Structure formats: structure tokens, C-alpha cells
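> This is the structure I have questions about; it appears just below.
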Amino acid sequence: MTRRALTTALVLAVAATAATACDAVSNEPKRYSQACGVVVDGSGSAAADKTGFDAEAKLKATLNTFLSDNKCRKTSFAPITKVSQASKCQVSPLDLDPDTSKTADRDRTRKAMRAVALSSALKLLECAQNEEPGSDVLGGLSRIALTKPSGGDDDSFDVLVVSDFDQGDPDFRLGRQDLSTAASRAKTIDAFLKSHHEPELSGADIYPVGYGMKYHTDTSRYDQFNSFWTELLEGRVKAHVHTTYR
């Protein structure tokens, strides 16, 4: 082989090695970066009976899919109780796509961490169900809002809320409010937000599960209920509400 031919062969070999290395890197799964929250309702209506929406079953049915669909990484948890922000129930946030060795199966690691997330959410639900009955939905949203990223380009926030959204705390019971007209709903929302902490969830994507199940046989009351929460969450809080898992 001539010197020129040898040089050419070496150049081609180096180029092939570099291409192979690049292909290996490109085949690595892209790391997840989405910040997520999970809010679980431990009120009496979350029970697994004819009058409840069965929060445990809904968590088991939707949480893994939600975390996978949204490519959740840092994930935090908050309870809904009689006074959610003061509740002692808590579980630690999780990294669902943690750093691992280069030889680790990243998809398997993610799947295992999503299983841990479900275990954490069920633990939080059990704690919330053992507290004094009540359903401070807005307080639960305010509590998860404390974990929302702020600033920069990666401040989006996806929140799964397993609740029927039937607000019932010591100062406000949704079922006793006049929601029959746009004016009465606006007045109710004004008073509600004045007496409660408004969640800092502007721009967040909220995915309810179990939403409005108390009214599933009463179309008129459901429409009023839905109009109330739509105006509050989208009109006032400026969040985006989705029906993906509802």
C-alpha cells in the first residue's frame, strides 16, 4: 500500500469511528426536563364508594400515564385537606429521570421512578384521608404552586389534580354558593379569592381527574360548577385547564 493510500485509509477509518460514536450519542434518550406537580384530594368525597370518586383508583389509572406523556422530571406533591396549606401531610419531591451510569437502561430507570411517584402519591393520599374531613382545593393548588419554576425559558409546569373540585373548607362551601348567573359567579369568585390565597399558577397546565363527578347526573348544576372553575382558573389565575385525563 502506498503512503497516500495508507493516509487515505486512516482518514476514512477515523471518520467512520467518529460517525459511530456520534450515532451512539444520538441514540441516547433525550433527558427529561419538565417540572410537574401532583395534587391529591383526601376529602370524604375521595372515598371508594357510591358517593365518592375513588381517588386511589384514579391515581393508579392516570398518574403513570400523566408522568410519561408529559416527560416529567422534577415532580412535587401536595394534599387537599380541610386546610390544605396547613396540612402536615407531605412527601418529598422526586427526580424521575435521575443521573445514572452510561450503561444503565434509562427507560427502565424512568419507569421505576414513576412507580416510586405513584407510591408517594398514594402515601400522601392516605395521610390526607386520615386528617379532619374537608376539601380545600384552592389551598392544595396554592401549595403545589410553591414548587412551580420561575424565570428562564424552562418555567412551564404541568399539574395533575385528582379531585372532584368540590371546594369545602371552614370558610367556603361551593355547594352553598349562587352560581346561577355570570354576575353571581363573578361576585362569588371575588369573595373567594379575597378570603383565600390565590395560587401562583399563571401559565401552568392543569389536568383534573375526577372533576365535577358529584354533578354527573345534574347537567344544569355541572354547567354552573364548570363555569365557576373555568372562570377562576383560566380567567383569574391564567392557567390552562385540560380535559386529557378527566
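Letters for chains follow the order of the C-alpha cells (A, B, ...), residue numbers begin at 1 for each chain, and ligand numbers begin at 1 in the order shown.
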Can you pull out every residue from stretch 86-238 of chain A that DSSP, working from the backbone, puts in strand (DSSP E or B), and format the result as number ranges by chain?
A: 94-95, 135, 157-162, 168-169, 172-173, 205-209
> Using only C-alpha atoms, which residues sit within 7 Å of A:Val91 once same-chain residues fewer than 2 positions away are excluded, as a ChimeraX atom specification?
/A:77,93,120,124
> Grab the residues selected above and save them as an mmCIF file, in the first residue's frame with N, CA, C and O atoms.

data_model
loop_
_atom_site.group_PDB
_atom_site.id
_atom_site.type_symbol
_atom_site.label_atom_id
_atom_site.label_comp_id
_atom_site.auth_asym_id
_atom_site.auth_seq_id
_atom_site.Cartn_x
_atom_site.Cartn_y
_atom_site.Cartn_z
ATOM 1 N N PHE A 77 -45.451 17.121 45.160
ATOM 2 C CA PHE A 77 -46.753 16.603 45.578
ATOM 3 C C PHE A 77 -47.383 17.532 46.612
ATOM 4 O O PHE A 77 -46.676 18.139 47.427
ATOM 5 N N PRO A 93 -40.245 15.669 47.005
ATOM 6 C CA PRO A 93 -40.237 15.705 45.545
ATOM 7 C C PRO A 93 -39.295 14.657 44.978
ATOM 8 O O PRO A 93 -38.380 14.201 45.669
ATOM 9 N N SER A 120 -45.531 7.315 46.347
ATOM 10 C CA SER A 120 -45.507 8.551 47.140
ATOM 11 C C SER A 120 -46.873 9.219 47.147
ATOM 12 O O SER A 120 -47.349 9.696 48.185
ATOM 13 N N LEU A 124 -49.341 9.952 50.322
ATOM 14 C CA LEU A 124 -49.877 11.276 50.627
ATOM 15 C C LEU A 124 -51.393 11.232 50.732
ATOM 16 O O LEU A 124 -51.985 11.847 51.628
#
> Using only C-alpha atoms, pick whichever of A:Ala183, A:Leu63, A:Val161, A:Leu118 has the shortest atom-to-atom distance to A:Asp41.
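Using only C-alpha atoms, A:Asp41 sits closest to A:Val161.
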> Which one of A:Ser45, A:Ser84, A:Thr62, A:Ser33 sits closest to A:Gly139 if you count only C-alpha atoms?
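Closest residue, counting only C-alpha atoms: A:Ser84.
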> Which is closest to A:Leu160 among A:Gly140, A:Ala182, A:Ser119, A:Thr230, if we use only C-alpha atoms?
A:Gly140
> Considering only C-alpha atoms, return as a list in words whatever protein or nucleic-acid residues lie within 8 Å of A:Tyr207, sequence-local ones (same chain, fewer than 4 positions apart) excluded.
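Final neighbour list, sorted by chain and number: Asp158, Val159, Leu160, Val161, Val241, His242, Thr243, Thr244, Tyr245 and Arg246 of chain A.
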> Mind checking which residues fall within 8 Å of A:Asp136, counting only C-alpha atoms, ignoring those fewer than 6 positions away in the same chain, and posting them as a ChimeraX atom specification?
/A:80-84,167-169
> Can you check which parts of stretch 13-105 of chain A lie within 9 Å of stretch 210-225 of chain A? Per residue, the shortest pair of atoms and distance in Å to one decimal, counting only C-alpha atoms, sorted by chain and number, as a tab-separated table.

residue	atom	partner	partner_atom	distance
A:Ser45	CA	A:Lys214	CA	8.4
A:Ala46	CA	A:Gly210	CA	9.0
A:Thr51	CA	A:Lys214	CA	7.7
A:Gly52	CA	A:Lys214	CA	7.9
A:Phe53	CA	A:Gly210	CA	6.1
A:Asp54	CA	A:Gly210	CA	8.3
A:Ala55	CA	A:Gly210	CA	7.7
A:Lys58	CA	A:Gly210	CA	7.5
> Can you write out the residues you just picked, keeping C-alpha atoms, as a PDB file, in the first residue's frame?

ATOM      1  CA  SER A  45     -65.718  12.510  48.537  1.00  0.00           C
ATOM      2  CA  ALA A  46     -62.465  10.799  47.540  1.00  0.00           C
ATOM      3  CA  THR A  51     -70.852   8.656  46.702  1.00  0.00           C
ATOM      4  CA  GLY A  52     -67.106   9.105  46.138  1.00  0.00           C
ATOM      5  CA  PHE A  53     -64.905   9.462  43.074  1.00  0.00           C
ATOM      6  CA  ASP A  54     -62.330   6.897  44.316  1.00  0.00           C
ATOM      7  CA  ALA A  55     -59.129   8.949  44.356  1.00  0.00           C
ATOM      8  CA  LYS A  58     -57.939   7.322  39.688  1.00  0.00           C
TER       9      LYS A  58
END
> Which residues come within 12 Å of A:Arg31, counting only C-alpha atoms, excluding same-chain residues fewer than 3 positions away, as a list in words?
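Those residues are Ser26, Asn27, Glu28, Gln34, Lys71, Cys72, Arg73, Lys74, Asp95, Leu96, Asp97, Pro98, Asp99, Thr100, Arg106, Asp107, Thr109 and Arg110 of chain A.
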> Any chance you can output those residues with N, CA and C atoms as an mmCIF file, in the first residue's frame?

data_model
loop_
_atom_site.group_PDB
_atom_site.id
_atom_site.type_symbol
_atom_site.label_atom_id
_atom_site.label_comp_id
_atom_site.auth_asym_id
_atom_site.auth_seq_id
_atom_site.Cartn_x
_atom_site.Cartn_y
_atom_site.Cartn_z
ATOM 1 N N SER A 26 -26.282 9.957 19.643
ATOM 2 C CA SER A 26 -27.606 10.363 19.181
ATOM 3 C C SER A 26 -28.685 9.358 19.561
ATOM 4 N N ASN A 27 -28.282 8.099 19.789
ATOM 5 C CA ASN A 27 -29.249 7.085 20.171
ATOM 6 C C ASN A 27 -29.603 7.131 21.652
ATOM 7 N N GLU A 28 -28.869 7.909 22.428
ATOM 8 C CA GLU A 28 -29.180 8.063 23.842
ATOM 9 C C GLU A 28 -30.497 8.821 23.994
ATOM 10 N N GLN A 34 -39.183 18.485 32.160
ATOM 11 C CA GLN A 34 -40.450 19.094 32.546
ATOM 12 C C GLN A 34 -40.689 19.030 34.059
ATOM 13 N N LYS A 71 -43.428 13.766 30.070
ATOM 14 C CA LYS A 71 -41.974 13.661 30.252
ATOM 15 C C LYS A 71 -41.528 14.396 31.523
ATOM 16 N N CYS A 72 -42.246 14.100 32.611
ATOM 17 C CA CYS A 72 -41.988 14.774 33.883
ATOM 18 C C CYS A 72 -40.641 14.368 34.463
ATOM 19 N N ARG A 73 -39.921 15.338 34.957
ATOM 20 C CA ARG A 73 -38.673 15.058 35.675
ATOM 21 C C ARG A 73 -38.846 15.456 37.140
ATOM 22 N N LYS A 74 -38.566 16.689 37.507
ATOM 23 C CA LYS A 74 -38.778 17.091 38.899
ATOM 24 C C LYS A 74 -40.274 17.126 39.175
ATOM 25 N N ASP A 95 -36.963 13.152 41.466
ATOM 26 C CA ASP A 95 -36.357 13.307 40.154
ATOM 27 C C ASP A 95 -36.676 12.029 39.381
ATOM 28 N N LEU A 96 -37.515 12.125 38.364
ATOM 29 C CA LEU A 96 -37.965 10.933 37.643
ATOM 30 C C LEU A 96 -37.062 10.568 36.469
ATOM 31 N N ASP A 97 -36.007 11.330 36.261
ATOM 32 C CA ASP A 97 -35.017 10.989 35.234
ATOM 33 C C ASP A 97 -33.628 11.280 35.797
ATOM 34 N N PRO A 98 -33.258 10.582 36.879
ATOM 35 C CA PRO A 98 -32.022 10.906 37.594
ATOM 36 C C PRO A 98 -30.773 10.536 36.798
ATOM 37 N N ASP A 99 -29.654 11.133 37.186
ATOM 38 C CA ASP A 99 -28.375 10.780 36.586
ATOM 39 C C ASP A 99 -28.052 9.325 36.916
ATOM 40 N N THR A 100 -27.584 8.596 35.915
ATOM 41 C CA THR A 100 -27.221 7.187 36.107
ATOM 42 C C THR A 100 -25.923 6.903 35.368
ATOM 43 N N ARG A 106 -31.980 3.743 30.620
ATOM 44 C CA ARG A 106 -32.669 4.946 31.100
ATOM 45 C C ARG A 106 -34.184 4.776 31.108
ATOM 46 N N ASP A 107 -34.725 4.124 30.097
ATOM 47 C CA ASP A 107 -36.179 3.929 30.072
ATOM 48 C C ASP A 107 -36.642 3.086 31.264
ATOM 49 N N THR A 109 -35.112 2.924 34.149
ATOM 50 C CA THR A 109 -34.970 3.772 35.332
ATOM 51 C C THR A 109 -36.161 4.708 35.474
ATOM 52 N N ARG A 110 -36.563 5.308 34.368
ATOM 53 C CA ARG A 110 -37.714 6.215 34.403
ATOM 54 C C ARG A 110 -38.979 5.479 34.841
#
> With distances taken over only C-alpha atoms, which residue among A:Gly235, A:Gly42, A:Gly203, A:Pro29 lies nearest A:Ser150?
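For A:Ser150, the nearest of the candidates is A:Gly203.
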> Quick check for you: according to DSSP on this backbone, which residues of stretch 119-167 of chain A are classed as alpha helix (DSSP H)? Reply as a PyMOL selection string.
chain A and resi 119-129+137-145
> Atom CA of A:Val162 and atom CA of A:Val209, how far apart in Å?
4.7 Å
> Report as number ranges by chain all protein, DNA and RNA residues lying within 9 Å of A:Asn64, evaluated on only C-alpha atoms, omitting residues in the same chain fewer than 4 positions from it.
A: 59-60, 68-69, 111, 114-115, 117-118
> Do a neighbour search on stretch 231-233 of chain A at 9 Å with only C-alpha atoms, toss out local chain neighbours closer than 2 positions, and write the hits as a ChimeraX atom specification.
/A:185-186,189,193,201-202,206,226-229,235-241
> What is the atom CA of A:Ser163-atom CA of A:Val40 distance in Å, reported with one decimal?
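So the answer is 6.5 Å.
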> How far is it from atom CA of A:Ala78 to atom CA of A:Gln90, in Å with one decimal?
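Atom CA of A:Gln90 lies 6.7 Å from atom CA of A:Ala78.
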> Between A:Gln85, A:Ser101, A:Gln129, A:Ser184, which one has atoms that come closest to A:His197, using only C-alpha atoms?
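Residue with the minimum atom-to-atom distance to A:His197: A:Gln85.
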> Which residue out of A:Ser76, A:Leu94, A:Glu234, A:Pro170 has the minimum interatomic distance to A:Leu146 when only C-alpha atoms are used?
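Of the candidates, the smallest distance to A:Leu146 is held by A:Ser76.
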